[in-house]
Every structure is written in C-alpha cells, then in structure tokens.
>>> print(open('structure-v9.txt').read())   # compact mmCIF, C-alpha atoms
# COMPACT_ATOMS: atom_id res chain seq x y z
CA MET L 901 -19.06 -20.54 3.91
CA GLN L 902 -22.46 -19.45 5.14
CA VAL L 903 -23.73 -17.87 8.34
CA THR L 904 -26.04 -19.91 10.55
CA PRO L 905 -29.61 -18.59 9.99
CA GLY L 906 -30.24 -18.34 13.73
CA SER L 907 -27.05 -16.41 14.46
CA VAL L 908 -27.41 -12.95 15.98
CA SER L 909 -24.35 -11.72 14.13
CA ARG L 910 -24.11 -11.72 10.34
CA LEU L 911 -20.32 -11.39 10.43
CA LEU L 912 -18.23 -14.10 8.82
CA ARG L 913 -15.59 -15.28 11.27
CA CYS L 914 -12.82 -15.89 8.73
CA GLY L 915 -11.40 -13.71 6.03
CA GLN L 916 -12.58 -10.60 7.87
CA SER L 917 -11.02 -7.67 6.02
CA GLY L 918 -9.30 -4.77 7.69
CA ARG L 919 -6.29 -2.48 7.44
CA CYS L 920 -2.92 -2.73 9.13
CA ARG L 921 -2.73 -0.13 11.89
CA ASP L 922 0.99 0.40 11.13
CA CYS L 923 1.02 0.81 7.32
CA GLY L 924 -2.65 1.16 6.31
CA ASN L 925 -2.57 -1.64 3.71
CA PRO L 926 -5.47 -4.14 3.42
CA ILE L 927 -5.24 -7.35 5.43
CA GLU L 928 -7.46 -10.34 6.17
CA TRP L 929 -7.91 -11.84 9.63
CA TYR L 930 -7.96 -15.61 10.04
CA HIS L 931 -7.94 -17.93 13.02
CA ARG L 932 -5.13 -20.45 13.35
CA SER L 933 -5.65 -23.98 14.65
CA ASP L 934 -4.71 -22.75 18.16
CA GLN L 935 -7.44 -20.04 17.98
CA ARG L 936 -4.87 -17.24 17.65
CA LEU L 937 -5.52 -14.61 15.00
CA VAL L 938 -3.16 -14.05 12.10
CA ARG L 939 -3.10 -11.23 9.53
CA LEU L 940 -2.70 -12.48 5.97
CA HIS L 941 -1.98 -10.60 2.76
CA PRO L 942 -5.36 -10.44 0.97
CA HIS L 943 -4.15 -12.05 -2.28
CA GLU L 944 -2.75 -15.44 -3.16
CA LEU L 945 0.80 -15.61 -4.51
CA LEU L 946 2.64 -18.12 -6.64
CA ALA L 947 4.22 -20.59 -4.23
CA ALA L 948 7.43 -20.59 -6.28
CA GLN L 949 7.90 -16.89 -5.40
CA VAL L 950 7.50 -17.42 -1.65
CA PRO L 951 10.10 -19.16 0.58
CA ASP L 952 8.86 -22.37 2.17
CA ALA L 953 9.05 -20.92 5.70
CA CYS L 954 6.75 -18.01 4.73
CA ARG L 955 3.95 -19.98 3.08
CA TRP L 956 0.45 -20.19 4.53
CA HIS L 957 -2.73 -21.87 3.32
CA VAL L 958 -6.36 -21.66 4.39
CA SER L 959 -8.41 -24.81 4.80
CA SER L 960 -12.04 -24.80 6.02
CA GLY L 961 -11.63 -21.22 7.20
CA VAL L 962 -8.52 -21.97 9.31
CA ALA L 963 -5.05 -20.61 8.45
CA HIS L 964 -2.09 -23.02 8.62
CA PRO L 965 1.59 -21.93 8.55
CA ALA L 966 2.67 -24.19 5.68
CA GLY L 967 2.01 -24.80 2.00
CA ASP L 968 -0.73 -27.18 0.91
CA GLY L 969 1.15 -28.62 -2.06
CA SER L 970 -0.59 -26.42 -4.63
CA SER L 971 1.06 -23.83 -6.85
CA TRP L 972 -0.52 -20.99 -4.83
CA CYS L 973 -0.13 -19.91 -1.22
CA ARG L 974 -0.96 -17.13 1.22
CA LEU L 975 1.51 -14.89 3.05
CA ALA L 976 1.51 -13.31 6.51
CA HIS L 977 1.27 -9.52 6.30
CA ALA L 978 4.03 -9.15 8.90
CA VAL L 979 6.58 -10.34 6.33
CA LEU L 980 5.58 -7.55 3.91
CA CYS L 981 4.59 -4.71 6.25
CA PRO L 982 6.63 -1.64 5.18
CA ALA L 983 6.41 -0.23 8.71
CA ARG L 984 8.69 -2.99 10.00
CA ASP L 985 12.46 -2.63 10.01
CA ALA L 986 13.26 -6.27 9.21
CA PRO L 987 13.78 -6.70 5.45
CA PRO L 988 11.68 -9.35 3.68
CA PRO L 989 13.17 -12.24 1.66
CA SER L 990 14.66 -11.02 -1.61
CA GLN L 991 11.86 -12.68 -3.63
CA LEU L 992 9.29 -10.46 -1.86
CA ALA L 993 11.18 -7.14 -1.93
CA GLY L 994 9.25 -5.87 -4.96
CA LEU L 995 5.86 -6.57 -3.36
CA ARG L 996 6.92 -4.82 -0.19
CA ARG L 997 8.01 -1.75 -2.18
CA SER L 998 4.57 -1.59 -3.80
CA LEU L 999 2.93 -1.71 -0.37
CA ALA L 1000 5.25 1.06 0.83
CA VAL L 1001 4.23 3.23 -2.15
CA HIS L 1002 0.56 2.56 -1.39
CA SER L 1003 1.11 3.55 2.26
CA ARG L 1004 2.70 6.82 1.15
CA ARG L 1005 -0.26 7.57 -1.12
CA LEU L 1006 -2.71 6.97 1.74
CA ILE L 1007 -0.71 9.27 4.02
CA ASP L 1008 -0.46 12.02 1.36
CA ALA L 1009 -4.22 11.81 0.73
CA GLY L 1010 -4.96 12.11 4.45
CA VAL L 1011 -6.72 8.75 4.50
CA PHE L 1012 -4.23 7.07 6.85
CA THR L 1013 -2.17 8.41 9.74
CA PRO L 1014 0.63 6.13 10.96
CA PRO L 1015 1.05 5.71 14.72
CA PRO L 1016 3.70 7.99 16.29
CA ALA L 1017 7.15 6.49 16.56
CA SER L 1018 8.27 5.66 20.08
CA PRO L 1019 11.18 7.83 21.28
CA PRO L 1020 14.58 6.08 21.39
CA GLY L 1021 15.98 5.02 24.73
CA PRO L 1022 14.20 4.46 28.05
CA ALA L 1023 11.31 6.76 28.88
CA PRO L 1024 11.93 9.26 31.67
CA GLU L 1025 10.32 8.56 35.05
CA SER L 1026 8.05 11.62 34.72
CA VAL L 1027 6.29 10.22 31.63
CA VAL L 1028 2.93 8.64 32.42
CA CYS L 1029 2.80 4.92 31.60
CA ARG L 1030 -0.02 4.28 29.11
CA PRO L 1031 0.28 0.83 27.51
CA ALA L 1032 -0.48 0.89 23.79
CA ARG L 1033 -1.51 -2.77 23.99
CA PRO L 1034 -2.61 -3.36 27.58
CA ILE L 1035 -3.12 -6.71 29.24
CA VAL L 1036 -6.74 -7.08 30.34
CA GLN L 1037 -8.14 -9.74 32.66
CA ILE L 1038 -11.74 -10.79 31.96
CA LEU L 1039 -13.41 -13.66 33.85
CA TYR L 1040 -9.95 -14.56 35.23
CA VAL L 1041 -8.54 -14.99 31.71
CA ARG L 1042 -5.87 -12.59 30.44
CA TYR L 1043 -6.06 -11.05 26.99
CA LEU L 1044 -3.83 -8.71 25.01
CA SER L 1045 -5.78 -5.74 23.68
CA ALA L 1046 -5.11 -4.17 20.28
CA GLN L 1047 -5.79 -0.64 21.60
CA PRO L 1048 -5.29 1.35 24.83
CA VAL L 1049 -8.07 0.70 27.32
CA ASP L 1050 -9.83 4.03 26.70
CA GLU L 1051 -9.73 3.53 22.91
CA ILE L 1052 -11.21 0.03 22.66
CA GLN L 1053 -14.14 0.50 20.28
CA CYS L 1054 -17.49 -1.29 20.09
CA VAL L 1055 -17.71 -3.82 17.23
CA ALA L 1056 -21.50 -3.64 16.76
CA GLN L 1057 -23.24 -2.33 13.65
CA THR L 1058 -25.35 0.80 13.94
CA ARG L 1059 -28.68 1.42 12.21
CA HIS L 1060 -26.81 3.23 9.44
CA ARG L 1061 -24.74 0.08 8.84
CA HIS L 1062 -21.54 1.64 10.17
CA ARG L 1063 -19.38 0.43 13.02
CA CYS L 1064 -20.33 1.93 16.37
CA THR L 1065 -17.85 4.60 17.47
CA SER L 1066 -18.61 4.31 21.21
CA PRO L 1067 -15.80 3.11 23.50
CA LEU L 1068 -16.22 0.25 25.96
CA LEU L 1069 -15.00 2.43 28.82
CA THR L 1070 -18.03 4.60 29.53
CA PRO L 1071 -18.39 7.26 32.28
CA GLY L 1072 -20.94 6.40 34.93
CA ILE L 1073 -20.48 2.64 34.52
CA PRO L 1074 -18.18 0.58 36.80
CA SER L 1075 -14.72 0.27 35.30
CA GLY L 1076 -11.79 -2.03 35.87
CA THR L 1077 -8.81 -1.52 38.15
CA TRP L 1078 -5.15 -1.32 37.22
CA MET L 1079 -3.24 -3.79 39.36
CA LEU L 1080 0.23 -5.26 39.61
CA MET L 1081 -0.24 -9.00 39.28
CA PRO L 1082 2.18 -11.96 39.04
CA THR L 1083 3.53 -12.37 35.52
CA ALA L 1084 3.87 -16.14 35.56
CA GLU L 1085 0.93 -18.29 36.60
CA SER L 1086 1.17 -21.62 38.35
CA GLY L 1087 3.23 -24.12 36.38
CA GLN L 1088 4.79 -21.58 34.00
CA LEU L 1089 8.49 -20.90 33.59
CA ALA L 1090 10.06 -18.05 35.53
CA LEU L 1091 10.25 -14.73 33.67
CA PRO L 1092 12.69 -11.79 33.97
CA THR L 1093 10.05 -9.69 35.75
CA ASP L 1094 7.86 -10.91 38.61
CA VAL L 1095 4.89 -8.55 38.27
CA MET L 1096 3.10 -6.72 35.46
CA ALA L 1097 0.37 -4.10 35.10
CA VAL L 1098 -3.02 -5.67 34.33
CA TYR L 1099 -6.35 -3.92 33.76
CA ASN L 1100 -8.43 -6.21 35.96
CA LEU L 1101 -12.15 -6.55 35.19
CA SER L 1102 -12.68 -9.69 37.26
CA ARG L 1103 -14.33 -7.73 40.10
CA LEU L 1104 -17.07 -6.37 37.85
CA PRO L 1105 -20.49 -8.04 37.58
CA TYR L 1106 -20.61 -11.09 35.32
CA ALA L 1107 -22.74 -9.31 32.70
CA GLU L 1108 -20.24 -6.44 32.49
CA GLN L 1109 -17.36 -8.82 31.91
CA LEU L 1110 -19.32 -10.56 29.16
CA ARG L 1111 -19.90 -7.13 27.58
CA TRP L 1112 -16.18 -6.40 27.55
CA ARG L 1113 -15.31 -9.81 26.14
CA ALA L 1114 -17.89 -9.36 23.37
CA GLN L 1115 -16.43 -5.84 22.84
CA ARG L 1116 -19.75 -4.02 22.90
CA CYS L 1117 -20.71 -0.66 24.33
CA PRO L 1118 -23.51 -0.59 26.97
CA GLN L 1119 -26.12 0.42 24.38
CA HIS L 1120 -25.38 -2.46 22.02
CA ALA L 1121 -24.89 -4.91 24.88
CA ALA L 1122 -28.53 -4.24 25.69
CA SER L 1123 -29.47 -4.89 22.02
CA PRO L 1124 -28.49 -8.52 21.37
CA THR L 1125 -30.08 -8.44 17.91
CA ALA L 1126 -27.51 -5.89 16.64
CA ALA L 1127 -24.99 -7.63 14.39
CA ASP L 1128 -21.22 -7.37 14.70
CA LEU L 1129 -19.34 -5.41 12.06
CA ALA L 1130 -15.83 -6.41 13.18
CA VAL L 1131 -14.13 -9.24 15.04
CA ALA L 1132 -13.38 -8.65 18.72
CA GLU L 1133 -9.67 -7.80 18.89
CA TRP L 1134 -8.76 -9.78 22.00
CA GLU L 1135 -5.73 -12.03 21.73
CA SER L 1136 -5.00 -14.70 24.32
CA PHE L 1137 -2.09 -13.40 26.39
CA ASP L 1138 1.08 -15.46 26.55
CA PRO L 1139 3.79 -13.95 28.83
CA LEU L 1140 6.59 -15.49 26.77
CA ARG L 1141 5.29 -14.59 23.31
CA HIS L 1142 4.05 -11.13 24.36
CA HIS L 1143 6.85 -10.18 26.75
CA GLN L 1144 7.42 -6.86 24.94
CA HIS L 1145 3.95 -5.70 26.08
CA ILE L 1146 4.60 -6.34 29.77
CA HIS L 1147 4.75 -3.15 31.88
CA THR L 1148 6.06 -3.22 35.43
CA ARG L 1149 4.55 0.14 36.44
CA LEU L 1150 0.94 1.11 36.96
CA PRO L 1151 -0.37 3.75 34.52
CA GLY L 1152 0.31 7.13 36.08
CA ALA L 1153 2.74 5.75 38.63
CA GLY L 1154 6.06 7.55 38.85
CA ARG L 1155 8.05 4.65 40.21
CA ARG L 1156 7.64 1.00 40.81
CA PRO L 1157 6.25 0.13 44.26
CA GLY L 1158 8.15 -1.95 46.77
CA ALA L 1159 8.10 -5.68 46.92
CA ALA L 1160 5.58 -5.87 49.75
CA GLY L 1161 2.05 -6.14 48.48
CA ARG L 1162 2.90 -5.71 44.79
CA ALA L 1163 0.29 -8.14 43.57
CA ARG L 1164 -2.36 -6.54 45.79
CA GLN L 1165 -1.75 -2.91 44.89
CA GLY L 1166 -4.23 -1.29 42.53
CA ALA L 1167 -5.00 2.11 41.10
CA GLN L 1168 -8.12 3.39 39.44
CA PRO L 1169 -7.48 4.62 35.86
>>> encode(input="structure-v9.txt", output="structure tokens")
Amino acid sequence: MQVTPGSVSRLLRCGQSGRCRDCGNPIEWYHRSDQRLVRLHPHELLAAQVPDACRWHVSSGVAHPAGDGSSWCRLAHAVLCPARDAPPPSQLAGLRRSLAVHSRRLIDAGVFTPPPASPPGPAPESVVCRPARPIVQILYVRYLSAQPVDEIQCVAQTRHRHRCTSPLLTPGIPSGTWMLMPTAESGQLALPTDVMAVYNLSRLPYAEQLRWRAQRCPQHAASPTAADLAVAEWESFDPLRHHQHIHTRLPGAGRRPGAAGRARQGAQP
C-alpha cells in the first residue's frame, strides 16, 4: 500500500496498530467490507491451529471473516483477549495464556492500567449516569464512541510527532446536548426500550460537526495540513448489535422522565 501524494494525512487506513484498552496487548485495526472496524491479532497463525469459525484474512486492506484457502490466517483479538470471561477454543488456550502473562507484566511495570471493573448488580439511583461508550449523533448519523464524551481525544499529530492530547470537548466552544431520542428509527424492528440517551451534535454549526466527525481539537481543525496519527474511533451505531450500550437515563438524571416529551427532553452536560 501507499499513501496518495496529495493526501493531507500520512496515516495508512489499514493495519493501524494500537493496544487493547482492556488487556493492553497489541492489536491491528482493519476495516471490514461493511466499513465496520475489527481488531485483529497482529500476527498470522497456522490455519490448522485455528477453528474455521475464527479464521480471518486480509485482502487489499480489507478484513474478511473467513479463511482464504492458504495455510495461514488472521484471528480476531476478541477471541484471545484475557480480559474477557468467555474461554477461547482449546487450540488457542496457550496463546491466550501468553497474552495474559504479557498483560500482567505491563500492569506490574506501570505501563498499562486496566479499566475499573463495573460493580455487580444494578447501579443505585443516586449514581450519576456516565456512559463509557456514549452514542453520539453527528450530521443526523449516530455513532458509538470508544470513550466517554469528555475523554474523546484528538487524533492529529503535533509538531513533536506525538498524538495531540487535547479533548474534542473544549470550554468556550459550543457543545452538544444530551437528549432522550427514539431508539428505533423508521423501518427498524421494535426494541425492548423506546428511548435512549444520545449526545446530540446536530444543532451545532456544520463546521463544528465536521470537526467532531474528523475527531480533531479546535486547534488542529484550523490546521488542515496536520496529519492524523490515529484512526477516528467512531463506529456506526446499530441498536441491535450495540444494545448493551443503550442508556435510558440522561447523564446526571436521578430517574427516568415520564413518557410525555421524552424524545424532546434535553440536558446540557
């Protein structure tokens, strides 16, 4: 692969390396044929050691959930992630143990801090609702964020060739509005809950919404020549596939509002 000479960004859009936020092990990001992102284990494995249902292959920079007939294949990181409770297939248990040992070494060295475990059982009503992966609406399209709204980080490269540490949510600049909006859109199947909390940016100026979608802070949004150092972490929201991230309360709200005017109610963060 090569980057187009006239491109503002010098970031390759496939095979972008990173680390799993749950276990700290290296991963590689690839786009699937449906434009969804998938995290793959960074090394190829012998296909004979991987069950058929777990095999992936990369063709022309696109990841496909199947083998390509060769003796090698790729593997989704979710199958191996030691932070997950579900055990992997027996053929992959040894590889998962090695990743678990590596995670422990990173934690002991202070290089990686795992996210706090969620408390068992339902949260008490007095606890403030703060979605770890909020649903954000930009230009009337809903996305699932990888971070809480106030922690979404700029992806641009600084002059020192490091990733910018500035958040997208900046004081003094118009922000979005938390709203309860219908969960299912026109033509979709009915869902167990009728409304969900959405961080709505659709009322902001067009340029501001483009800035959020590009995941750039105000300073780097004004510098279009600055390259990207990471892939924007937006994932197209699907209410059926991402139902576990649906919240029926507004952040900071103590109880769910009544049925009247649910979809119109909003609260500033």
>>> closest_residue(input="structure-v9.txt", among="L:Leu1039, L:Asp952, L:Gln1144, L:Pro1071", to="Leu1104 (chain L)", atoms="all atoms listed in the file")
L:Leu1039
>>> closest_residue(input="structure-v9.txt", among="L:His943, L:Arg1042, L:His1120, L:Arg936", to="Ala963 (chain L)", atoms="all atoms listed in the file")
L:Arg936
>>> closest_residue(input="structure-v9.txt", among="L:Ile1038, L:Ala1056, L:Leu946, L:Leu1080", to="Cys1117 (chain L)", atoms="all atoms listed in the file")
L:Ala1056
>>> residues_around(input="structure-v9.txt", residues="Ala966 (chain L)", least_positions_apart="5", cutoff="8 Å", atoms="all atoms listed in the file", output="list in words")
Asp952, Ala953, Cys954, Arg955, Trp956 and His957 of chain L
>>> residues_around(input="structure-v9.txt", residues="Ser1045 (chain L)", least_positions_apart="6", cutoff="10 Å", atoms="all atoms listed in the file", output="PyMOL selection string")
chain L and resi 1031-1036+1052+1132-1137
>>> axis_aligned_box(input="structure-v9.txt", around="region 1033-1039 of chain L", padding_each_side="4 Å", output="JSON")
{"center_x": -7.5, "center_y": -8.2, "center_z": 28.9, "size_x": 19.9, "size_y": 18.9, "size_z": 17.9}
>>> atom_distance(input="structure-v9.txt", atom1="CA of Arg939 (chain L)", atom2="CA of Ala976 (chain L)")
5.9 Å
>>> residues_around(input="structure-v9.txt", residues="Asp1094 (chain L)", least_positions_apart="5", cutoff="8 Å", atoms="only C-alpha atoms", output="number ranges by chain")
L: 1082-1084
>>> residues_around(input="structure-v9.txt", residues="region 925-928 of chain L", least_positions_apart="6", cutoff="9 Å", atoms="all atoms listed in the file", output="CSV table (one decimal) with C-alpha atoms, keeping the file's coordinate frame")
chain,number,residue,atom,x,y,z
L,914,CYS,CA,-12.8,-15.9,8.7
L,915,GLY,CA,-11.4,-13.7,6.0
L,916,GLN,CA,-12.6,-10.6,7.9
L,917,SER,CA,-11.0,-7.7,6.0
L,918,GLY,CA,-9.3,-4.8,7.7
L,919,ARG,CA,-6.3,-2.5,7.4
L,938,VAL,CA,-3.2,-14.0,12.1
L,939,ARG,CA,-3.1,-11.2,9.5
L,940,LEU,CA,-2.7,-12.5,6.0
L,941,HIS,CA,-2.0,-10.6,2.8
L,942,PRO,CA,-5.4,-10.4,1.0
L,977,HIS,CA,1.3,-9.5,6.3
L,981,CYS,CA,4.6,-4.7,6.2
L,999,LEU,CA,2.9,-1.7,-0.4
L,1000,ALA,CA,5.2,1.1,0.8
L,1002,HIS,CA,0.6,2.6,-1.4
L,1003,SER,CA,1.1,3.6,2.3
L,1006,LEU,CA,-2.7,7.0,1.7
>>> atom_distance(input="structure-v9.txt", atom1="CA of Gln949 (chain L)", atom2="CA of His931 (chain L)")
24.3 Å
>>> atom_distance(input="structure-v9.txt", atom1="CA of Gln1119 (chain L)", atom2="CA of Ala1046 (chain L)")
21.9 Å
>>> closest_residue(input="structure-v9.txt", among="L:Leu1068, L:Arg1063, L:Ala1009, L:Asn1100", to="Gln1047 (chain L)", atoms="only C-alpha atoms")
L:Leu1068
